[in-house]
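Pasting work_19.tsv here (TSV, N, CA, C and O atoms):
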```
chain	number	residue	atom	x	y	z
A	11	MET	N	-7.51	-2.17	-8.50
A	11	MET	CA	-6.50	-1.56	-7.66
A	11	MET	C	-6.80	-1.90	-6.21
A	11	MET	O	-7.94	-2.12	-5.83
A	12	ALA	N	-5.75	-1.89	-5.42
A	12	ALA	CA	-5.88	-2.04	-3.97
A	12	ALA	C	-5.48	-0.71	-3.34
A	12	ALA	O	-4.72	0.07	-3.91
A	13	LEU	N	-6.02	-0.47	-2.16
A	13	LEU	CA	-5.65	0.70	-1.37
A	13	LEU	C	-4.89	0.18	-0.16
A	13	LEU	O	-5.31	-0.81	0.46
A	14	TYR	N	-3.80	0.86	0.20
A	14	TYR	CA	-3.02	0.40	1.35
A	14	TYR	C	-2.43	1.59	2.09
A	14	TYR	O	-1.92	2.53	1.48
A	15	ALA	N	-2.48	1.52	3.42
A	15	ALA	CA	-1.87	2.55	4.25
A	15	ALA	C	-1.54	1.97	5.62
A	15	ALA	O	-2.17	1.02	6.07
A	16	VAL	N	-0.55	2.57	6.24
A	16	VAL	CA	-0.22	2.28	7.63
A	16	VAL	C	-0.74	3.46	8.44
A	16	VAL	O	-0.44	4.61	8.12
A	17	VAL	N	-1.56	3.17	9.43
A	17	VAL	CA	-2.15	4.22	10.25
A	17	VAL	C	-1.59	4.11	11.67
A	17	VAL	O	-1.30	3.01	12.14
A	18	PRO	N	-1.46	5.24	12.37
A	18	PRO	CA	-0.84	5.19	13.70
A	18	PRO	C	-1.74	4.60	14.78
A	18	PRO	O	-1.25	4.05	15.76
A	19	LEU	N	-3.05	4.73	14.61
A	19	LEU	CA	-3.99	4.27	15.63
A	19	LEU	C	-5.15	3.53	14.99
A	19	LEU	O	-5.57	3.86	13.88
A	20	GLN	N	-5.70	2.57	15.72
A	20	GLN	CA	-6.91	1.90	15.23
A	20	GLN	C	-8.05	2.91	15.21
A	20	GLN	O	-8.03	3.90	15.92
A	21	HIS	N	-9.01	2.65	14.39
A	21	HIS	CA	-10.24	3.45	14.27
A	21	HIS	C	-10.04	4.75	13.49
A	21	HIS	O	-10.94	5.58	13.48
A	22	VAL	N	-8.89	4.95	12.89
A	22	VAL	CA	-8.70	6.12	12.01
A	22	VAL	C	-8.47	5.67	10.57
A	22	VAL	O	-8.16	6.48	9.71
A	23	GLU	N	-8.65	4.39	10.33
A	23	GLU	CA	-8.41	3.83	9.01
A	23	GLU	C	-9.21	4.54	7.93
A	23	GLU	O	-8.69	4.84	6.86
A	24	SER	N	-10.48	4.83	8.23
A	24	SER	CA	-11.34	5.43	7.20
A	24	SER	C	-10.86	6.82	6.80
A	24	SER	O	-11.08	7.24	5.66
A	25	LEU	N	-10.21	7.54	7.70
A	25	LEU	CA	-9.70	8.87	7.35
A	25	LEU	C	-8.72	8.79	6.18
A	25	LEU	O	-8.74	9.62	5.28
A	26	VAL	N	-7.88	7.79	6.20
A	26	VAL	CA	-6.88	7.63	5.14
A	26	VAL	C	-7.47	6.90	3.94
A	26	VAL	O	-7.29	7.33	2.80
A	27	LEU	N	-8.20	5.83	4.18
A	27	LEU	CA	-8.75	5.04	3.08
A	27	LEU	C	-9.77	5.83	2.26
A	27	LEU	O	-9.85	5.64	1.04
A	28	ASP	N	-10.53	6.71	2.90
A	28	ASP	CA	-11.50	7.51	2.15
A	28	ASP	C	-10.80	8.40	1.12
A	28	ASP	O	-11.27	8.53	-0.01
A	29	ASP	N	-9.68	8.99	1.50
A	29	ASP	CA	-8.91	9.82	0.56
A	29	ASP	C	-8.35	8.98	-0.59
A	29	ASP	O	-8.39	9.39	-1.75
A	30	LEU	N	-7.83	7.81	-0.25
A	30	LEU	CA	-7.29	6.93	-1.30
A	30	LEU	C	-8.40	6.45	-2.23
A	30	LEU	O	-8.21	6.39	-3.46
A	31	ALA	N	-9.55	6.12	-1.68
A	31	ALA	CA	-10.68	5.67	-2.49
A	31	ALA	C	-11.16	6.77	-3.42
A	31	ALA	O	-11.48	6.51	-4.59
A	32	ALA	N	-11.21	7.99	-2.92
A	32	ALA	CA	-11.63	9.12	-3.76
A	32	ALA	C	-10.65	9.33	-4.90
A	32	ALA	O	-11.05	9.58	-6.05
A	33	TYR	N	-9.37	9.20	-4.62
A	33	TYR	CA	-8.36	9.34	-5.66
A	33	TYR	C	-8.54	8.25	-6.73
A	33	TYR	O	-8.53	8.54	-7.93
A	34	ALA	N	-8.70	7.01	-6.28
A	34	ALA	CA	-8.88	5.90	-7.22
A	34	ALA	C	-10.14	6.11	-8.06
A	34	ALA	O	-10.13	5.88	-9.27
A	35	GLN	N	-11.22	6.55	-7.43
A	35	GLN	CA	-12.46	6.79	-8.16
A	35	GLN	C	-12.28	7.89	-9.20
A	35	GLN	O	-12.78	7.76	-10.33
A	36	ASP	N	-11.56	8.96	-8.85
A	36	ASP	CA	-11.30	10.04	-9.81
A	36	ASP	C	-10.54	9.54	-11.03
A	36	ASP	O	-10.67	10.09	-12.12
A	37	GLN	N	-9.73	8.50	-10.85
A	37	GLN	CA	-8.96	7.93	-11.96
A	37	GLN	C	-9.76	6.90	-12.75
A	37	GLN	O	-9.30	6.41	-13.77
A	38	GLY	N	-10.93	6.54	-12.24
A	38	GLY	CA	-11.75	5.53	-12.89
A	38	GLY	C	-11.32	4.12	-12.56
A	38	GLY	O	-11.69	3.17	-13.26
A	39	TRP	N	-10.56	3.94	-11.50
A	39	TRP	CA	-10.09	2.62	-11.10
A	39	TRP	C	-11.10	1.94	-10.19
A	39	TRP	O	-11.75	2.57	-9.37
A	40	ILE	N	-11.19	0.65	-10.31
A	40	ILE	CA	-12.08	-0.16	-9.47
A	40	ILE	C	-11.27	-0.74	-8.32
A	40	ILE	O	-10.20	-1.30	-8.53
A	41	VAL	N	-11.81	-0.61	-7.13
A	41	VAL	CA	-11.22	-1.21	-5.94
A	41	VAL	C	-12.17	-2.31	-5.49
A	41	VAL	O	-13.24	-2.02	-4.94
A	42	PRO	N	-11.83	-3.57	-5.75
A	42	PRO	CA	-12.72	-4.67	-5.37
A	42	PRO	C	-12.93	-4.73	-3.86
A	42	PRO	O	-12.08	-4.27	-3.08
A	43	ALA	N	-14.03	-5.33	-3.46
A	43	ALA	CA	-14.31	-5.54	-2.03
A	43	ALA	C	-13.14	-6.28	-1.39
A	43	ALA	O	-12.59	-7.21	-1.97
A	44	GLY	N	-12.75	-5.83	-0.23
A	44	GLY	CA	-11.65	-6.47	0.49
A	44	GLY	C	-10.28	-6.01	0.08
A	44	GLY	O	-9.28	-6.55	0.57
A	45	CYS	N	-10.21	-5.04	-0.80
A	45	CYS	CA	-8.90	-4.58	-1.30
A	45	CYS	C	-8.53	-3.19	-0.77
A	45	CYS	O	-7.65	-2.54	-1.32
A	46	ALA	N	-9.19	-2.74	0.28
A	46	ALA	CA	-8.82	-1.52	0.98
A	46	ALA	C	-8.28	-1.97	2.33
A	46	ALA	O	-9.03	-2.40	3.20
A	47	ILE	N	-6.96	-1.89	2.48
A	47	ILE	CA	-6.29	-2.58	3.58
A	47	ILE	C	-5.39	-1.61	4.35
A	47	ILE	O	-4.69	-0.80	3.74
A	48	THR	N	-5.40	-1.75	5.67
A	48	THR	CA	-4.50	-0.95	6.50
A	48	THR	C	-3.76	-1.85	7.48
A	48	THR	O	-4.18	-2.97	7.77
A	49	ASP	N	-2.66	-1.31	7.94
A	49	ASP	CA	-1.94	-1.86	9.09
A	49	ASP	C	-1.89	-0.76	10.12
A	49	ASP	O	-1.84	0.42	9.78
A	50	THR	N	-1.88	-1.13	11.38
A	50	THR	CA	-1.76	-0.17	12.47
A	50	THR	C	-0.35	-0.25	13.04
A	50	THR	O	0.16	-1.34	13.27
A	51	GLY	N	0.26	0.91	13.23
A	51	GLY	CA	1.60	0.94	13.79
A	51	GLY	C	2.40	2.08	13.21
A	51	GLY	O	1.85	3.09	12.78
A	52	THR	N	3.70	1.88	13.16
A	52	THR	CA	4.59	2.89	12.61
A	52	THR	C	5.07	2.49	11.23
A	52	THR	O	5.09	1.30	10.89
A	53	LEU	N	5.48	3.48	10.47
A	53	LEU	CA	6.00	3.21	9.13
A	53	LEU	C	7.31	2.44	9.17
A	53	LEU	O	7.69	1.82	8.18
A	54	THR	N	8.00	2.46	10.28
A	54	THR	CA	9.31	1.81	10.36
A	54	THR	C	9.23	0.30	10.51
A	54	THR	O	10.27	-0.37	10.48
A	55	GLN	N	8.04	-0.26	10.65
A	55	GLN	CA	7.89	-1.72	10.73
A	55	GLN	C	8.37	-2.36	9.43
A	55	GLN	O	8.15	-1.82	8.34
A	56	GLN	N	8.97	-3.51	9.53
A	56	GLN	CA	9.36	-4.27	8.34
A	56	GLN	C	8.11	-4.61	7.55
A	56	GLN	O	7.11	-5.05	8.13
A	57	PRO	N	8.12	-4.43	6.22
A	57	PRO	CA	6.93	-4.75	5.42
A	57	PRO	C	6.45	-6.18	5.62
A	57	PRO	O	5.25	-6.42	5.71
A	58	GLY	N	7.35	-7.12	5.71
A	58	GLY	CA	6.97	-8.52	5.84
A	58	GLY	C	6.33	-8.87	7.18
A	58	GLY	O	5.70	-9.92	7.31
A	59	SER	N	6.47	-7.98	8.16
A	59	SER	CA	5.87	-8.25	9.47
A	59	SER	C	4.45	-7.69	9.58
A	59	SER	O	3.79	-7.89	10.59
A	60	ARG	N	3.99	-7.02	8.54
A	60	ARG	CA	2.65	-6.41	8.56
A	60	ARG	C	1.64	-7.33	7.88
A	60	ARG	O	1.80	-7.69	6.71
A	61	SER	N	0.59	-7.66	8.60
A	61	SER	CA	-0.42	-8.58	8.03
A	61	SER	C	-1.13	-7.95	6.83
A	61	SER	O	-1.44	-8.65	5.86
A	62	GLY	N	-1.38	-6.65	6.88
A	62	GLY	CA	-2.05	-5.99	5.76
A	62	GLY	C	-1.21	-6.00	4.49
A	62	GLY	O	-1.72	-6.26	3.40
A	63	TRP	N	0.06	-5.70	4.63
A	63	TRP	CA	0.93	-5.72	3.45
A	63	TRP	C	1.06	-7.13	2.90
A	63	TRP	O	1.09	-7.34	1.69
A	64	ASN	N	1.07	-8.12	3.77
A	64	ASN	CA	1.11	-9.51	3.30
A	64	ASN	C	-0.18	-9.86	2.56
A	64	ASN	O	-0.15	-10.64	1.60
A	65	ARG	N	-1.31	-9.29	2.95
A	65	ARG	CA	-2.56	-9.48	2.19
A	65	ARG	C	-2.46	-8.86	0.81
A	65	ARG	O	-2.93	-9.44	-0.18
A	66	ILE	N	-1.86	-7.67	0.73
A	66	ILE	CA	-1.65	-7.03	-0.58
A	66	ILE	C	-0.81	-7.95	-1.46
A	66	ILE	O	-1.12	-8.18	-2.63
A	67	ARG	N	0.26	-8.48	-0.90
A	67	ARG	CA	1.13	-9.38	-1.67
A	67	ARG	C	0.35	-10.61	-2.14
A	67	ARG	O	0.53	-11.07	-3.27
A	68	ALA	N	-0.51	-11.15	-1.29
A	68	ALA	CA	-1.31	-12.32	-1.66
A	68	ALA	C	-2.29	-11.98	-2.78
A	68	ALA	O	-2.47	-12.77	-3.72
A	69	LEU	N	-2.92	-10.81	-2.71
A	69	LEU	CA	-3.83	-10.38	-3.78
A	69	LEU	C	-3.09	-10.26	-5.10
A	69	LEU	O	-3.60	-10.66	-6.15
A	70	ALA	N	-1.89	-9.71	-5.04
A	70	ALA	CA	-1.10	-9.55	-6.28
A	70	ALA	C	-0.63	-10.90	-6.81
A	70	ALA	O	-0.63	-11.12	-8.02
A	71	THR	N	-0.26	-11.78	-5.93
A	71	THR	CA	0.20	-13.10	-6.36
A	71	THR	C	-0.95	-13.86	-7.02
A	71	THR	O	-0.74	-14.60	-7.97
A	72	GLY	N	-2.16	-13.63	-6.53
A	72	GLY	CA	-3.33	-14.27	-7.12
A	72	GLY	C	-3.89	-13.51	-8.31
A	72	GLY	O	-4.96	-13.82	-8.80
A	73	ASP	N	-3.15	-12.51	-8.78
A	73	ASP	CA	-3.55	-11.69	-9.92
A	73	ASP	C	-4.92	-11.04	-9.74
A	73	ASP	O	-5.66	-10.84	-10.70
A	74	LEU	N	-5.26	-10.69	-8.50
A	74	LEU	CA	-6.54	-10.06	-8.22
A	74	LEU	C	-6.48	-8.54	-8.32
A	74	LEU	O	-7.52	-7.89	-8.37
A	75	ILE	N	-5.26	-7.99	-8.32
A	75	ILE	CA	-5.08	-6.54	-8.43
A	75	ILE	C	-4.00	-6.25	-9.46
A	75	ILE	O	-3.14	-7.08	-9.73
A	76	ARG	N	-4.07	-5.05	-10.01
A	76	ARG	CA	-3.07	-4.60	-10.99
A	76	ARG	C	-2.17	-3.51	-10.43
A	76	ARG	O	-1.21	-3.12	-11.06
A	77	GLY	N	-2.53	-3.00	-9.24
A	77	GLY	CA	-1.74	-1.94	-8.65
A	77	GLY	C	-2.17	-1.61	-7.25
A	77	GLY	O	-3.16	-2.16	-6.74
A	78	VAL	N	-1.43	-0.69	-6.63
A	78	VAL	CA	-1.66	-0.30	-5.25
A	78	VAL	C	-1.62	1.23	-5.16
A	78	VAL	O	-0.71	1.86	-5.71
A	79	VAL	N	-2.60	1.81	-4.48
A	79	VAL	CA	-2.62	3.24	-4.21
A	79	VAL	C	-2.27	3.43	-2.75
A	79	VAL	O	-2.90	2.83	-1.87
A	80	VAL	N	-1.24	4.24	-2.48
A	80	VAL	CA	-0.77	4.51	-1.12
A	80	VAL	C	-0.64	6.02	-0.92
A	80	VAL	O	-0.50	6.77	-1.90
A	81	PRO	N	-0.66	6.48	0.33
A	81	PRO	CA	-0.43	7.92	0.55
A	81	PRO	C	0.97	8.34	0.12
A	81	PRO	O	1.16	9.39	-0.49
A	82	SER	N	1.96	7.54	0.44
A	82	SER	CA	3.35	7.77	0.01
A	82	SER	C	4.05	6.42	0.00
A	82	SER	O	3.58	5.45	0.60
A	83	LEU	N	5.18	6.35	-0.68
A	83	LEU	CA	5.89	5.08	-0.80
A	83	LEU	C	6.38	4.57	0.54
A	83	LEU	O	6.59	3.37	0.71
A	84	THR	N	6.54	5.46	1.52
A	84	THR	CA	6.97	5.02	2.85
A	84	THR	C	5.94	4.13	3.52
A	84	THR	O	6.28	3.40	4.45
A	85	HIS	N	4.71	4.14	3.05
A	85	HIS	CA	3.71	3.23	3.62
A	85	HIS	C	3.97	1.79	3.19
A	85	HIS	O	3.54	0.87	3.86
A	86	ILE	N	4.69	1.62	2.10
A	86	ILE	CA	5.10	0.28	1.69
A	86	ILE	C	6.37	-0.12	2.43
A	86	ILE	O	6.45	-1.19	3.01
A	87	ALA	N	7.36	0.75	2.40
A	87	ALA	CA	8.62	0.47	3.10
A	87	ALA	C	9.31	1.79	3.42
A	87	ALA	O	9.46	2.64	2.55
A	88	TYR	N	9.73	1.91	4.65
A	88	TYR	CA	10.34	3.14	5.14
A	88	TYR	C	11.85	3.18	4.90
A	88	TYR	O	12.40	4.19	4.49
A	89	ARG	N	12.51	2.07	5.13
A	89	ARG	CA	13.98	2.00	4.96
A	89	ARG	C	14.33	1.73	3.50
A	89	ARG	O	13.67	0.93	2.84
A	90	PRO	N	15.40	2.36	3.02
A	90	PRO	CA	15.78	2.16	1.61
A	90	PRO	C	16.00	0.69	1.24
A	90	PRO	O	15.58	0.26	0.17
A	91	THR	N	16.61	-0.09	2.10
A	91	THR	CA	16.84	-1.50	1.76
A	91	THR	C	15.52	-2.26	1.65
A	91	THR	O	15.35	-3.10	0.77
A	92	ASP	N	14.58	-1.94	2.56
A	92	ASP	CA	13.25	-2.58	2.49
A	92	ASP	C	12.53	-2.14	1.22
A	92	ASP	O	11.89	-2.94	0.54
A	93	TRP	N	12.62	-0.85	0.89
A	93	TRP	CA	11.96	-0.35	-0.32
A	93	TRP	C	12.52	-1.01	-1.56
A	93	TRP	O	11.78	-1.40	-2.46
A	94	ASN	N	13.84	-1.14	-1.63
A	94	ASN	CA	14.45	-1.77	-2.80
A	94	ASN	C	13.94	-3.20	-2.99
A	94	ASN	O	13.65	-3.62	-4.11
A	95	ARG	N	13.82	-3.93	-1.90
A	95	ARG	CA	13.30	-5.31	-1.98
A	95	ARG	C	11.84	-5.32	-2.43
A	95	ARG	O	11.45	-6.08	-3.33
A	96	GLU	N	11.02	-4.46	-1.83
A	96	GLU	CA	9.60	-4.42	-2.21
A	96	GLU	C	9.41	-3.90	-3.63
A	96	GLU	O	8.58	-4.41	-4.37
A	97	GLN	N	10.19	-2.90	-4.00
A	97	GLN	CA	10.10	-2.36	-5.36
A	97	GLN	C	10.45	-3.43	-6.40
A	97	GLN	O	9.78	-3.55	-7.41
A	98	THR	N	11.48	-4.20	-6.13
A	98	THR	CA	11.86	-5.29	-7.04
A	98	THR	C	10.71	-6.28	-7.19
A	98	THR	O	10.37	-6.68	-8.30
A	99	TRP	N	10.08	-6.64	-6.08
A	99	TRP	CA	8.94	-7.56	-6.14
A	99	TRP	C	7.78	-6.95	-6.91
A	99	TRP	O	7.16	-7.60	-7.75
A	100	LEU	N	7.45	-5.68	-6.62
A	100	LEU	CA	6.37	-5.00	-7.32
A	100	LEU	C	6.61	-4.96	-8.82
A	100	LEU	O	5.70	-5.21	-9.62
A	101	LEU	N	7.83	-4.65	-9.21
A	101	LEU	CA	8.16	-4.59	-10.64
A	101	LEU	C	8.05	-5.97	-11.29
A	101	LEU	O	7.55	-6.09	-12.41
A	102	LYS	N	8.52	-7.00	-10.61
A	102	LYS	CA	8.41	-8.36	-11.15
A	102	LYS	C	6.96	-8.77	-11.35
A	102	LYS	O	6.63	-9.49	-12.28
A	103	LYS	N	6.08	-8.30	-10.46
A	103	LYS	CA	4.65	-8.60	-10.58
A	103	LYS	C	3.97	-7.69	-11.60
A	103	LYS	O	2.82	-7.91	-11.95
A	104	GLY	N	4.67	-6.65	-12.06
A	104	GLY	CA	4.09	-5.72	-13.02
A	104	GLY	C	3.02	-4.83	-12.41
A	104	GLY	O	2.10	-4.39	-13.10
A	105	LEU	N	3.14	-4.54	-11.11
A	105	LEU	CA	2.14	-3.74	-10.42
A	105	LEU	C	2.42	-2.25	-10.54
A	105	LEU	O	3.55	-1.79	-10.39
A	106	LEU	N	1.37	-1.52	-10.77
A	106	LEU	CA	1.41	-0.06	-10.76
A	106	LEU	C	1.34	0.38	-9.31
A	106	LEU	O	0.55	-0.14	-8.54
A	107	VAL	N	2.19	1.33	-8.91
A	107	VAL	CA	2.14	1.88	-7.55
A	107	VAL	C	1.96	3.39	-7.70
A	107	VAL	O	2.74	4.06	-8.35
A	108	ILE	N	0.91	3.90	-7.07
A	108	ILE	CA	0.59	5.32	-7.11
A	108	ILE	C	0.64	5.87	-5.69
A	108	ILE	O	-0.07	5.36	-4.82
A	109	ALA	N	1.46	6.89	-5.48
A	109	ALA	CA	1.51	7.61	-4.20
A	109	ALA	C	0.72	8.90	-4.38
A	109	ALA	O	1.07	9.73	-5.22
A	110	THR	N	-0.35	9.05	-3.60
A	110	THR	CA	-1.20	10.23	-3.77
A	110	THR	C	-0.57	11.50	-3.21
A	110	THR	O	-0.92	12.59	-3.63
A	111	ASN	N	0.36	11.35	-2.28
A	111	ASN	CA	1.08	12.50	-1.73
A	111	ASN	C	2.55	12.08	-1.58
A	111	ASN	O	3.02	11.81	-0.48
A	112	PRO	N	3.28	12.01	-2.69
A	112	PRO	CA	4.62	11.41	-2.67
A	112	PRO	C	5.63	12.15	-1.82
A	112	PRO	O	6.69	11.60	-1.51
A	113	THR	N	5.35	13.38	-1.39
A	113	THR	CA	6.32	14.10	-0.59
A	113	THR	C	6.20	13.84	0.90
A	113	THR	O	7.02	14.31	1.67
A	114	ASP	N	5.18	13.08	1.33
A	114	ASP	CA	5.05	12.74	2.76
A	114	ASP	C	6.20	11.88	3.21
A	114	ASP	O	6.66	11.03	2.51
```
Let me see whether you can do it: turn the structure in this file into structure tokens.
Amino acid sequence: MALYAVVPLQHVESLVLDDLAAYAQDQGWIVPAGCAITDTGTLTQQPGSRSGWNRIRALATGDLIRGVVVPSLTHIAYRPTDWNREQTWLLKKGLLVIATNPTD
């Protein structure tokens, strides 16, 4: 599994990633080295403009991960049209997506 989140400020990445890692560990999922990824900015950024999300896509394309753990689906895409595009890609890749706090 990969961990992914968008954080508002640099240097707070561990606050979010630690929670995601604990969730993944509780499920018995392995998060390989280099697969805990963040982007800094706002959730409203286009997914394709985020270097971290593009790394997630590259990991999935290389079959290095089977899924992504996020705080909420808005960390992948905030706008419905962006989400529909990303969801279609995720489904085509057969990736599991888990939102640890889906109501955020």
| Nearby residues, (-3.7, 10.0, -5.7) file frame, 6 Å, only N, CA, C and O atoms, as a ChimeraX atom specification | /A:33-34,80,108-111
Given the selection you just returned, output its residues as a file containing N, CA, C and O atoms, formatted as a CSV table (one decimal), in the coordinates of the input.
```csv
chain,number,residue,atom,x,y,z
A,33,TYR,N,-9.4,9.2,-4.6
A,33,TYR,CA,-8.4,9.3,-5.7
A,33,TYR,C,-8.5,8.2,-6.7
A,33,TYR,O,-8.5,8.5,-7.9
A,34,ALA,N,-8.7,7.0,-6.3
A,34,ALA,CA,-8.9,5.9,-7.2
A,34,ALA,C,-10.1,6.1,-8.1
A,34,ALA,O,-10.1,5.9,-9.3
A,80,VAL,N,-1.2,4.2,-2.5
A,80,VAL,CA,-0.8,4.5,-1.1
A,80,VAL,C,-0.6,6.0,-0.9
A,80,VAL,O,-0.5,6.8,-1.9
A,108,ILE,N,0.9,3.9,-7.1
A,108,ILE,CA,0.6,5.3,-7.1
A,108,ILE,C,0.6,5.9,-5.7
A,108,ILE,O,-0.1,5.4,-4.8
A,109,ALA,N,1.5,6.9,-5.5
A,109,ALA,CA,1.5,7.6,-4.2
A,109,ALA,C,0.7,8.9,-4.4
A,109,ALA,O,1.1,9.7,-5.2
A,110,THR,N,-0.4,9.0,-3.6
A,110,THR,CA,-1.2,10.2,-3.8
A,110,THR,C,-0.6,11.5,-3.2
A,110,THR,O,-0.9,12.6,-3.6
A,111,ASN,N,0.4,11.4,-2.3
A,111,ASN,CA,1.1,12.5,-1.7
A,111,ASN,C,2.6,12.1,-1.6
A,111,ASN,O,3.0,11.8,-0.5
```
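Interatomic distance, atom CA of A:Leu105 against atom CA of A:Gln55: 22.0 Å.
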| request: Please write as a ChimeraX atom specification the list of polymer residues whose atoms come within 7 Å of (-8.6, 3.0, -7.0), counting only N, CA, C and O atoms and keeping to the coordinates of the file. | output: /A:11-13,30-41,79
| How many Å separate atom O of A:Leu53 from atom N of A:Thr84? | 7.7 Å
| message | If we count all atoms listed in the file and set the cut-off at 7 Å, which residues sit around A:Ala87, ignoring sequence neighbours fewer than 2 positions away in its own chain? Please answer as a count of residues only. | response | 13
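Note that atom CA of A:Leu100 and atom CA of A:Val22 are 26.9 Å apart.
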| message | Just list as JSON, numbers by chain whatever in stretch 15-103 of chain A DSSP marks as alpha helix (DSSP H). | response | {"A": [23, 24, 25, 26, 27, 28, 29, 30, 31, 32, 33, 34, 35, 36, 37, 61, 62, 63, 64, 65, 66, 67, 68, 69, 70, 71, 90, 91, 92, 93, 94, 95, 96, 97, 98, 99, 100, 101, 102, 103]}
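DSSP on the backbone gives strand (DSSP E or B) for these parts of chain A: Ala12, Leu13, Tyr14, Ala15, Val16, Val17, Ala46, Ile47, Thr48, Asp49, Thr50, Gly77, Val78, Val79, Val80, Leu106, Val107, Ile108 and Ala109 of chain A.
Between A:Gly72 and the residues A:Lys103, A:Val16, A:Ala43, A:Gln97, the shortest atom-to-atom distance, using only C-alpha atoms, involves A:Lys103.
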| note | Among A:Lys102, A:Pro18, A:Pro112, A:Ile66, A:Thr50 is approached most closely, using only N, CA, C and O atoms, by A:Pro18
| said: Can you pull out the residues contacting A:Ile47? Cut-off 9 Å, using only C-alpha atoms, and skip same-chain residues under 2 positions away; I want them as a list in words. | reply: Ala12, Leu13, Tyr14, Ala15, Val16, Glu23, Leu27, Gly44, Cys45, Asp49, Gly62, Trp63, Arg65 and Ile66 of chain A
| Minimum-distance residue to A:Pro42, chosen among A:Val107, A:Ile75, A:Leu25, A:Ile86 (using only N, CA, C and O atoms) | A:Ile75
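Distance check against A:Thr52 using only N, CA, C and O atoms: of A:Leu101, A:Val26, A:Leu69, A:Leu19, the minimum falls on A:Leu19.
Between A:Gly77 and the residues A:Asn64, A:Ala46, A:Ser24, A:Gly104, the shortest atom-to-atom distance, using only C-alpha atoms, involves A:Gly104.
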